[in-house]
file final_31.txt (compact mmCIF, C-alpha atoms)
# COMPACT_ATOMS: atom_id res chain seq x y z
CA MET A 6 54.94 186.70 46.87
CA VAL A 7 52.20 186.89 44.23
CA TYR A 8 51.05 183.74 42.42
CA GLY A 9 49.19 183.62 39.14
CA LYS A 10 45.91 181.72 38.77
CA ALA A 11 47.55 178.75 37.05
CA SER A 12 50.11 178.42 39.86
CA ILE A 13 47.38 178.50 42.52
CA GLU A 14 45.38 175.83 40.70
CA ARG A 15 48.48 173.60 40.45
CA ASN A 16 49.14 173.99 44.17
CA ILE A 17 45.53 173.07 44.99
CA LYS A 18 45.68 169.99 42.80
CA MET A 19 49.02 168.83 44.21
CA GLY A 20 47.77 169.23 47.80
CA ALA A 21 44.27 167.80 47.64
CA SER A 22 45.03 165.05 45.13
CA SER A 23 47.57 163.49 47.52
CA ILE A 24 44.80 162.50 49.93
CA PHE A 25 43.32 160.32 47.18
CA GLU A 26 46.52 158.26 47.16
CA ILE A 27 47.91 155.91 49.79
CA GLY A 28 49.80 157.92 52.40
CA ASN A 29 53.44 157.50 53.38
CA GLU A 30 52.71 155.74 56.67
CA THR A 31 53.44 152.02 57.10
CA ILE A 32 50.38 150.28 58.57
CA ASN A 33 50.11 147.38 61.00
CA THR A 34 46.89 145.34 60.90
CA ILE A 35 46.00 143.92 64.30
CA ASN A 36 43.32 141.36 65.16
CA VAL A 37 41.95 141.68 68.69
CA LYS A 38 39.83 138.84 70.05
CA SER A 39 36.73 139.34 72.16
CA SER A 40 37.12 138.95 75.93
CA SER A 41 35.27 139.49 79.19
CA SER A 42 35.76 143.24 78.77
CA LEU A 43 35.38 143.36 74.98
CA PRO A 44 32.06 142.13 73.55
CA CYS A 45 33.33 141.47 70.02
CA SER A 46 36.51 141.08 68.01
CA LEU A 47 38.22 144.13 66.50
CA LEU A 48 40.21 144.78 63.37
CA VAL A 49 42.69 147.57 64.10
CA PHE A 50 44.76 149.51 61.56
CA SER A 51 47.62 151.47 63.10
CA PRO A 52 50.41 153.72 61.88
CA THR A 53 53.85 152.58 63.02
CA THR A 54 55.46 156.00 63.45
CA LYS A 55 55.89 156.74 67.14
CA GLY A 56 53.70 159.44 68.60
CA SER A 57 50.05 160.20 69.21
CA HIS A 58 47.53 159.70 66.41
CA PRO A 59 43.79 160.44 66.05
CA VAL A 60 41.32 157.57 66.19
CA LEU A 61 38.44 156.57 63.91
CA LEU A 62 35.81 154.08 65.12
CA PHE A 63 34.26 152.42 62.05
CA PHE A 64 31.16 150.20 61.81
CA HIS A 65 30.58 147.76 58.95
CA GLY A 66 27.25 147.24 57.19
CA PHE A 67 24.59 144.61 57.83
CA MET A 68 25.84 141.04 57.27
CA LEU A 69 29.26 142.36 56.25
CA GLN A 70 32.79 141.96 57.64
CA PRO A 71 35.33 144.63 58.70
CA SER A 72 37.96 142.89 56.56
CA TRP A 73 35.94 143.64 53.42
CA TYR A 74 36.77 147.33 53.95
CA LYS A 75 40.48 146.61 54.27
CA SER A 76 41.70 148.71 51.32
CA LEU A 77 39.51 151.66 52.32
CA LEU A 78 40.58 151.57 55.96
CA GLN A 79 44.26 151.06 55.09
CA HIS A 80 44.05 154.11 52.82
CA ILE A 81 42.71 156.24 55.65
CA SER A 82 45.13 154.85 58.23
CA SER A 83 48.12 155.48 55.93
CA HIS A 84 47.50 159.18 56.48
CA ARG A 85 48.31 158.70 60.18
CA CYS A 86 45.06 157.63 61.75
CA ILE A 87 44.36 154.68 64.05
CA ILE A 88 41.22 152.84 62.92
CA VAL A 89 39.20 150.46 65.07
CA ALA A 90 36.61 148.35 63.21
CA PRO A 91 34.48 146.11 65.47
CA GLN A 92 32.82 142.92 64.23
CA ILE A 93 29.58 143.83 65.97
CA SER A 94 26.11 142.36 65.81
CA LEU A 95 23.82 144.68 63.89
CA ILE A 96 20.68 143.04 65.17
CA ASN A 97 20.32 143.48 68.95
CA GLN A 98 21.71 145.77 71.66
CA GLU A 99 24.07 147.56 69.29
CA VAL A 100 24.51 150.77 71.25
CA LYS A 101 24.96 148.87 74.52
CA SER A 102 27.79 146.88 72.92
CA VAL A 103 29.42 150.05 71.63
CA ARG A 104 29.52 151.49 75.16
CA LYS A 105 31.59 148.49 76.22
CA ILE A 106 33.81 148.85 73.16
CA ALA A 107 34.36 152.53 73.99
CA GLU A 108 35.34 151.63 77.55
CA TRP A 109 37.78 149.04 76.22
CA LEU A 110 39.33 151.58 73.85
CA ILE A 111 39.91 154.04 76.68
CA ASN A 112 41.55 151.44 78.90
CA ASN A 113 43.20 149.00 76.52
CA LEU A 114 43.68 150.28 72.96
CA GLU A 115 47.23 151.50 73.49
CA SER A 116 48.29 148.04 74.73
CA VAL A 117 47.64 146.43 71.31
CA LEU A 118 49.28 149.16 69.20
CA PRO A 119 52.86 149.15 67.90
CA GLU A 120 55.57 150.24 70.32
CA LYS A 121 55.54 153.98 71.13
CA VAL A 122 52.28 154.55 69.23
CA GLN A 123 49.54 156.15 71.33
CA PRO A 124 45.89 156.87 70.53
CA ASP A 125 44.89 160.51 70.94
CA LEU A 126 41.54 160.04 72.65
CA GLU A 127 40.90 163.78 72.49
CA LYS A 128 40.70 163.41 68.69
CA VAL A 129 38.19 160.65 67.97
CA ALA A 130 35.83 160.40 65.00
CA ILE A 131 33.09 157.87 64.28
CA SER A 132 31.96 156.48 60.94
CA GLY A 133 30.19 153.57 59.33
CA HIS A 134 28.82 152.20 56.08
CA SER A 135 25.21 151.25 55.31
CA LYS A 136 23.50 150.07 58.51
CA GLY A 137 26.79 150.79 60.26
CA GLY A 138 26.47 154.40 59.12
CA ASN A 139 23.07 154.61 60.82
CA MET A 140 24.63 153.21 63.99
CA ALA A 141 27.48 155.73 63.84
CA PHE A 142 24.91 158.53 63.93
CA ALA A 143 23.06 156.91 66.86
CA VAL A 144 26.25 156.40 68.86
CA ALA A 145 27.49 159.93 68.17
CA PHE A 146 24.20 161.32 69.49
CA ASP A 147 24.29 159.20 72.68
CA SER A 148 25.39 161.45 75.54
CA SER A 149 26.05 158.43 77.79
CA MET A 150 28.99 157.25 75.68
CA PRO A 151 32.23 157.25 77.72
CA LEU A 152 34.16 158.25 74.58
CA LYS A 153 33.44 161.67 73.13
CA PHE A 154 33.50 162.15 69.37
CA SER A 155 34.71 165.21 67.46
CA ALA A 156 33.53 164.31 63.94
CA LEU A 157 30.91 162.06 62.33
CA LEU A 158 30.93 160.50 58.85
CA GLY A 159 28.25 158.41 57.19
CA ILE A 160 29.32 156.37 54.16
CA ASP A 161 26.15 155.66 52.21
CA PRO A 162 24.20 155.25 55.48
CA VAL A 163 20.89 153.38 55.53
CA ALA A 164 18.21 153.56 58.25
CA GLY A 165 15.90 150.76 57.10
CA ALA A 166 13.89 149.35 54.23
CA SER A 167 11.61 152.41 53.90
CA PRO A 168 10.44 155.40 55.97
CA SER A 169 7.68 153.18 57.36
CA CYS A 170 10.08 150.34 58.12
CA LEU A 171 13.02 151.84 60.00
CA ARG A 172 15.38 149.58 61.91
CA PRO A 173 16.87 150.29 65.35
CA PRO A 174 18.70 152.25 66.50
CA TYR A 175 16.23 154.90 65.33
CA VAL A 176 17.85 158.09 64.06
CA LEU A 177 15.81 159.72 61.27
CA GLU A 178 12.93 162.05 62.19
CA TYR A 179 12.10 163.57 58.78
CA ILE A 180 12.53 167.16 59.92
CA PRO A 181 15.23 169.23 58.18
CA ARG A 182 18.26 170.00 60.37
CA ILE A 183 16.67 168.22 63.35
CA PHE A 184 19.76 166.29 64.47
CA ASN A 185 20.90 167.62 67.81
CA GLN A 186 24.56 167.13 67.03
CA SER A 187 27.28 169.48 68.19
CA ILE A 188 29.97 168.02 65.92
CA PRO A 189 30.61 168.36 62.17
CA VAL A 190 29.04 165.80 59.84
CA ALA A 191 30.03 164.49 56.42
CA VAL A 192 27.81 162.21 54.35
CA VAL A 193 29.13 160.31 51.33
CA GLY A 194 26.38 158.88 49.16
CA ALA A 195 26.42 156.48 46.22
CA GLY A 196 24.40 157.68 43.25
CA LEU A 197 23.24 154.18 42.23
CA SER A 198 22.46 152.93 45.73
CA ASN A 199 18.73 153.67 45.38
CA GLN A 200 18.50 151.49 42.27
CA SER A 201 17.80 147.77 42.31
CA THR A 202 19.35 145.16 40.05
CA CYS A 203 15.88 144.02 38.98
CA CYS A 204 12.24 144.86 39.70
CA LEU A 205 11.87 141.93 42.11
CA LEU A 206 14.67 143.04 44.46
CA PRO A 207 14.93 146.05 46.78
CA SER A 208 17.74 148.56 46.38
CA GLY A 209 20.66 148.73 48.79
CA ALA A 210 19.76 152.19 50.06
CA PRO A 211 16.16 153.16 49.22
CA ASN A 212 14.99 156.74 48.91
CA GLY A 213 13.80 158.22 52.18
CA VAL A 214 16.18 156.20 54.33
CA ASN A 215 19.49 156.83 52.61
CA HIS A 216 22.32 159.34 52.42
CA ALA A 217 20.15 162.24 51.23
CA GLU A 218 17.90 162.14 54.31
CA PHE A 219 20.82 161.84 56.72
CA PHE A 220 22.35 164.96 55.23
CA ASN A 221 18.99 166.77 55.17
CA GLU A 222 18.61 166.26 58.92
CA SER A 223 22.20 167.23 59.84
CA LYS A 224 22.96 170.64 61.30
CA PRO A 225 25.90 172.73 60.09
CA PRO A 226 28.72 172.33 59.69
CA CYS A 227 27.78 169.49 57.35
CA TYR A 228 29.06 168.23 54.01
CA TYR A 229 27.57 166.06 51.28
CA PHE A 230 29.45 164.22 48.55
CA LEU A 231 27.60 162.07 46.01
CA ALA A 232 29.61 159.44 44.11
CA LYS A 233 27.33 159.80 41.12
CA ASP A 234 28.22 156.70 39.12
CA TYR A 235 28.76 154.13 41.89
CA GLY A 236 26.65 151.72 43.92
CA HIS A 237 26.09 150.94 47.57
CA ALA A 238 28.74 148.21 47.83
CA ASP A 239 31.34 149.54 45.42
CA MET A 240 33.89 150.26 48.14
CA LEU A 241 33.76 146.68 49.44
CA GLU A 242 36.10 143.76 48.77
CA ALA A 243 33.76 140.93 49.71
CA GLU A 244 34.76 137.29 49.35
CA GLY A 245 33.12 133.96 48.62
CA ILE A 246 29.36 133.51 48.44
CA MET A 247 28.71 136.97 49.86
CA ALA A 248 30.60 138.57 46.96
CA ILE A 249 28.27 136.76 44.55
CA LEU A 250 25.19 137.79 46.53
CA ILE A 251 26.30 141.42 46.58
CA ARG A 252 26.70 141.40 42.80
CA ILE A 253 23.19 139.94 42.47
CA LEU A 254 21.50 142.20 45.04
CA MET A 255 23.34 145.52 44.71
CA LYS A 256 23.47 147.81 41.71
CA SER A 257 27.11 148.45 40.86
CA GLY A 258 28.78 151.15 38.84
CA LYS A 259 30.88 150.46 35.77
CA GLY A 260 33.87 152.44 36.96
CA SER A 261 36.94 151.15 38.77
CA LYS A 262 36.31 149.96 42.33
CA ASP A 263 39.81 151.16 43.21
CA SER A 264 38.83 154.70 42.16
CA MET A 265 35.77 154.56 44.41
CA ILE A 266 37.88 153.37 47.34
CA ARG A 267 40.43 156.14 46.76
CA ALA A 268 37.69 158.77 46.45
CA VAL A 269 35.89 157.76 49.65
CA GLY A 270 39.20 157.34 51.46
CA GLY A 271 40.39 160.77 50.37
CA ILE A 272 37.17 162.47 51.46
CA VAL A 273 37.42 160.83 54.88
CA VAL A 274 41.08 161.83 55.23
CA ALA A 275 40.31 165.45 54.28
CA PHE A 276 37.39 165.62 56.72
CA LEU A 277 39.43 164.14 59.59
CA LYS A 278 42.34 166.48 58.90
CA ALA A 279 39.93 169.42 58.94
CA TYR A 280 38.08 168.64 62.15
CA LEU A 281 40.57 166.61 64.17
CA GLU A 282 43.78 168.35 63.15
CA GLY A 283 42.57 171.84 62.17
CA GLN A 284 43.94 171.46 58.61
CA ILE A 285 40.96 172.38 56.45
CA ASP A 286 42.64 173.22 53.13
CA ASP A 287 42.19 169.80 51.51
CA LEU A 288 38.50 169.67 52.44
CA ASN A 289 37.92 173.17 51.11
CA ASP A 290 39.73 172.25 47.89
CA ILE A 291 37.46 169.24 47.28
CA VAL A 292 34.37 171.36 47.90
CA LYS A 293 35.59 174.05 45.50
CA SER A 294 36.99 171.63 42.89
CA PRO A 295 35.26 168.21 43.05
CA ASN A 296 37.10 167.18 39.89
CA LEU A 297 40.19 166.68 42.08
CA ALA A 298 38.66 163.33 43.07
CA PRO A 299 39.30 160.24 40.92
CA ILE A 300 35.53 159.83 40.36
CA THR A 301 32.64 162.16 39.60
CA LEU A 302 31.33 163.84 42.75
CA ASP A 303 28.04 165.57 41.90
CA PRO A 304 26.65 167.26 43.82
CA VAL A 305 29.05 168.43 46.50
CA ILE A 306 27.39 170.57 49.17
CA SER A 307 28.90 172.39 52.13
CA ILE A 308 26.79 174.13 54.78
CA LYS A 309 28.95 175.82 57.39
CA ASP A 310 26.45 177.95 59.32
call {"tool": "encode", "arguments": {"input": "final_31.txt", "output": "structure tokens"}}
result
Amino acid sequence: MVYGKASIERNIKMGASSIFEIGNETINTINVKSSSSLPCSLLVFSPTTKGSHPVLLFFHGFMLQPSWYKSLLQHISSHRCIIVAPQISLINQEVKSVRKIAEWLINNLESVLPEKVQPDLEKVAISGHSKGGNMAFAVAFDSSMPLKFSALLGIDPVAGASPSCLRPPYVLEYIPRIFNQSIPVAVVGAGLSNQSTCCLLPSGAPNGVNHAEFFNESKPPCYYFLAKDYGHADMLEAEGIMAILIRILMKSGKGSKDSMIRAVGGIVVAFLKAYLEGQIDDLNDIVKSPNLAPITLDPVISIKD
């Protein structure tokens, strides 16, 4: 059957645009307390449809809470993905703690999931926002991890206050394509994250330690999506005093926060479908037609070899 150009464009829009909406899956949110075998509490988002589902390990940013990413993580999970978000210290012994978390996931994750739902530990991705994005890169590069990762995503990752003031775990080396990763990488940046709210305050993600440098050091296949008109914390739903502090400290875009959450969520879903499930059409469609997203993505870069 032969399709005209208009028909093809409609099919692309109908397919890719669906990932920017909440999926059809009903989600259970599960709180797991720390224990002798688990060094921190976990917030788990799980599909309820029986069967085996891929897993995403997600790290929050510095001084933030996993629950503040609830809408973003529910969006991703509603497209049939189990998400584990630890409440982990981002100050000391981060990678050591993650090793213990990985061991717990291998041995215990299935026991906290809904009945007849299993984690597919052959399809595991890792991601994080801000300082958590930096840690996701460090963990993915650590060959001693008991859990092996098949995809890596940084959501506006930050490595420190400046190139001369990096924070552990140390990832950036300032050499193009230097990362010794064997898995695909996607970096989502926020276009306003390198701007401060006033001259006396630092930005949330300064130049030289932000999304652009993480992408610059990633080897193919790697993808870069810049949310041009949004800030570093515009996918968060912070509460209380911290919400006020974020508004004071972080430059924010004027667009809808819901649109930013849907855009980031859709990009993550498309990337996971491509590299965990072998369904690359939605990711290719976003790269070819960034206007499918509910926000402006500019630039969008794909390097496959």
call {"tool": "atom_distance", "arguments": {"input": "final_31.txt", "atom1": "CA of Asp310 (chain A)", "atom2": "CA of Val192 (chain A)"}}
result
16.6 Å
call {"tool": "residues_around", "arguments": {"input": "final_31.txt", "residues": "Asn185 (chain A)", "least_positions_apart": "5", "cutoff": "10 Å", "atoms": "all atoms listed in the file", "output": "ChimeraX atom specification"}}
result
/A:146,222-224
call {"tool": "closest_residue", "arguments": {"input": "final_31.txt", "among": "A:Ser261, A:Ala107, A:Val193, A:Val60", "to": "Ile81 (chain A)", "atoms": "all atoms listed in the file"}}
result
A:Val60
call {"tool": "atom_distance", "arguments": {"input": "final_31.txt", "atom1": "CA of Leu231 (chain A)", "atom2": "CA of Asn296 (chain A)"}}
result
12.4 Å
call {"tool": "atom_distance", "arguments": {"input": "final_31.txt", "atom1": "CA of Gln284 (chain A)", "atom2": "CA of Ile183 (chain A)"}}
result
27.9 Å
call {"tool": "closest_residue", "arguments": {"input": "final_31.txt", "among": "A:Ala90, A:Ile272, A:Leu69, A:Cys203", "to": "Ile160 (chain A)", "atoms": "only C-alpha atoms"}}
result
A:Ile272
call {"tool": "residues_around", "arguments": {"input": "final_31.txt", "residues": "Leu158 (chain A)", "least_positions_apart": "3", "cutoff": "8 Å", "atoms": "only C-alpha atoms", "output": "PDB file with C-alpha atoms, in the frame of the given file"}}
result
ATOM      1  CA  ALA A 130      35.830 160.400  65.000  1.00  0.00           C
ATOM      2  CA  ILE A 131      33.090 157.870  64.280  1.00  0.00           C
ATOM      3  CA  SER A 132      31.960 156.480  60.940  1.00  0.00           C
ATOM      4  CA  GLY A 133      30.190 153.570  59.330  1.00  0.00           C
ATOM      5  CA  GLY A 138      26.470 154.400  59.120  1.00  0.00           C
ATOM      6  CA  ALA A 141      27.480 155.730  63.840  1.00  0.00           C
ATOM      7  CA  VAL A 190      29.040 165.800  59.840  1.00  0.00           C
ATOM      8  CA  ALA A 191      30.030 164.490  56.420  1.00  0.00           C
ATOM      9  CA  VAL A 192      27.810 162.210  54.350  1.00  0.00           C
ATOM     10  CA  VAL A 193      29.130 160.310  51.330  1.00  0.00           C
ATOM     11  CA  VAL A 273      37.420 160.830  54.880  1.00  0.00           C
TER      12      VAL A 273
END
call {"tool": "closest_residue", "arguments": {"input": "final_31.txt", "among": "A:Ser82, A:Asn112, A:Gln123, A:Ser76", "to": "Val274 (chain A)", "atoms": "all atoms listed in the file"}}
result
A:Ser82
call {"tool": "residues_near_point", "arguments": {"input": "final_31.txt", "point": "(36.6, 159.9, 45.1)", "cutoff": "6 Å", "atoms": "all atoms listed in the file", "output": "ChimeraX atom specification"}}
result
/A:265,267-269,298-300
call {"tool": "closest_residue", "arguments": {"input": "final_31.txt", "among": "A:Val163, A:Phe67, A:Pro225, A:Gln186", "to": "Met247 (chain A)", "atoms": "all atoms listed in the file"}}
result
A:Phe67
call {"tool": "closest_residue", "arguments": {"input": "final_31.txt", "among": "A:Ala279, A:Cys86, A:Ile246, A:Leu241", "to": "His134 (chain A)", "atoms": "all atoms listed in the file"}}
result
A:Leu241
call {"tool": "residues_near_point", "arguments": {"input": "final_31.txt", "point": "(40.8, 149.3, 74.5)", "cutoff": "12 Å", "atoms": "all atoms listed in the file", "output": "NGL selection string"}}
result
:A and (37-40 or 42-47 or 49 or 60 or 62 or 89 or 91 or 103-118 or 123-124 or 126 or 152)
call {"tool": "residues_around", "arguments": {"input": "final_31.txt", "residues": "region 197-199 of chain A", "least_positions_apart": "5", "cutoff": "9 Å", "atoms": "all atoms listed in the file", "output": "list in words"}}
result
Asp161, Pro207, Ser208, Gly209, Ala210, Pro211, Asn212, Asn215, Ala232, Lys233, Asp234, Tyr235, Gly236, His237, Ala238, Met255, Lys256, Ser257 and Gly258 of chain A
call {"tool": "residues_around", "arguments": {"input": "final_31.txt", "residues": "Glu30 (chain A)", "least_positions_apart": "5", "cutoff": "10 Å", "atoms": "only C-alpha atoms", "output": "VMD selection string"}}
result
chain A and resid 51 to 54 79 to 80 82 to 86
call {"tool": "closest_residue", "arguments": {"input": "final_31.txt", "among": "A:Ser169, A:Asn139, A:Thr202, A:Ser23", "to": "His216 (chain A)", "atoms": "only C-alpha atoms"}}
result
A:Asn139
call {"tool": "decode", "arguments": {"input": "final_31.txt", "residues": "region 178-201 of chain A", "atoms": "N, CA and C atoms", "output": "compact mmCIF listing (two decimals), in the first residue's frame"}}
result
# COMPACT_ATOMS: atom_id res chain seq x y z
N GLU A 178 35.60 14.78 32.11
CA GLU A 178 37.04 14.83 31.86
C GLU A 178 37.42 15.91 30.85
N TYR A 179 36.44 16.54 30.23
CA TYR A 179 36.65 17.65 29.29
C TYR A 179 37.45 17.22 28.05
N ILE A 180 37.13 16.02 27.59
CA ILE A 180 37.65 15.51 26.32
C ILE A 180 36.45 14.98 25.54
N PRO A 181 36.24 15.48 24.32
CA PRO A 181 35.07 15.04 23.55
C PRO A 181 35.03 13.52 23.37
N ARG A 182 33.85 12.95 23.58
CA ARG A 182 33.58 11.53 23.37
C ARG A 182 34.49 10.64 24.21
N ILE A 183 34.88 11.09 25.40
CA ILE A 183 35.82 10.34 26.23
C ILE A 183 35.14 9.26 27.07
N PHE A 184 33.83 9.40 27.31
CA PHE A 184 33.16 8.43 28.17
C PHE A 184 33.33 7.02 27.62
N ASN A 185 33.71 6.11 28.47
CA ASN A 185 33.95 4.74 28.04
C ASN A 185 32.69 3.91 28.25
N GLN A 186 31.58 4.42 27.72
CA GLN A 186 30.32 3.72 27.92
C GLN A 186 30.03 2.83 26.72
N SER A 187 29.41 1.70 26.99
CA SER A 187 29.04 0.77 25.92
C SER A 187 27.54 0.75 25.71
N ILE A 188 26.81 1.68 26.34
CA ILE A 188 25.36 1.72 26.25
C ILE A 188 24.93 3.08 25.69
N PRO A 189 23.75 3.13 25.09
CA PRO A 189 23.26 4.40 24.53
C PRO A 189 22.97 5.42 25.62
N VAL A 190 23.15 6.70 25.27
CA VAL A 190 22.98 7.80 26.21
C VAL A 190 22.01 8.83 25.63
N ALA A 191 21.14 9.36 26.48
CA ALA A 191 20.31 10.50 26.12
C ALA A 191 20.49 11.57 27.19
N VAL A 192 20.65 12.81 26.76
CA VAL A 192 20.77 13.93 27.68
C VAL A 192 19.68 14.93 27.36
N VAL A 193 18.88 15.27 28.38
CA VAL A 193 17.85 16.30 28.25
C VAL A 193 18.32 17.51 29.03
N GLY A 194 18.50 18.62 28.36
CA GLY A 194 18.94 19.84 29.02
C GLY A 194 17.83 20.86 29.12
N ALA A 195 17.99 21.79 30.05
CA ALA A 195 17.04 22.90 30.20
C ALA A 195 17.74 24.18 29.75
N GLY A 196 17.14 24.87 28.80
CA GLY A 196 17.79 26.02 28.19
C GLY A 196 18.06 27.18 29.13
N LEU A 197 17.31 27.30 30.22
CA LEU A 197 17.49 28.40 31.16
C LEU A 197 18.29 27.98 32.40
N SER A 198 18.76 26.75 32.43
CA SER A 198 19.39 26.24 33.65
C SER A 198 20.74 26.87 33.93
N ASN A 199 21.36 27.49 32.93
CA ASN A 199 22.65 28.16 33.14
C ASN A 199 22.48 29.64 33.49
N GLN A 200 21.23 30.05 33.71
CA GLN A 200 20.96 31.44 34.07
C GLN A 200 20.56 31.54 35.54
N SER A 201 21.02 32.57 36.20
CA SER A 201 20.67 32.77 37.60
C SER A 201 19.49 33.74 37.72
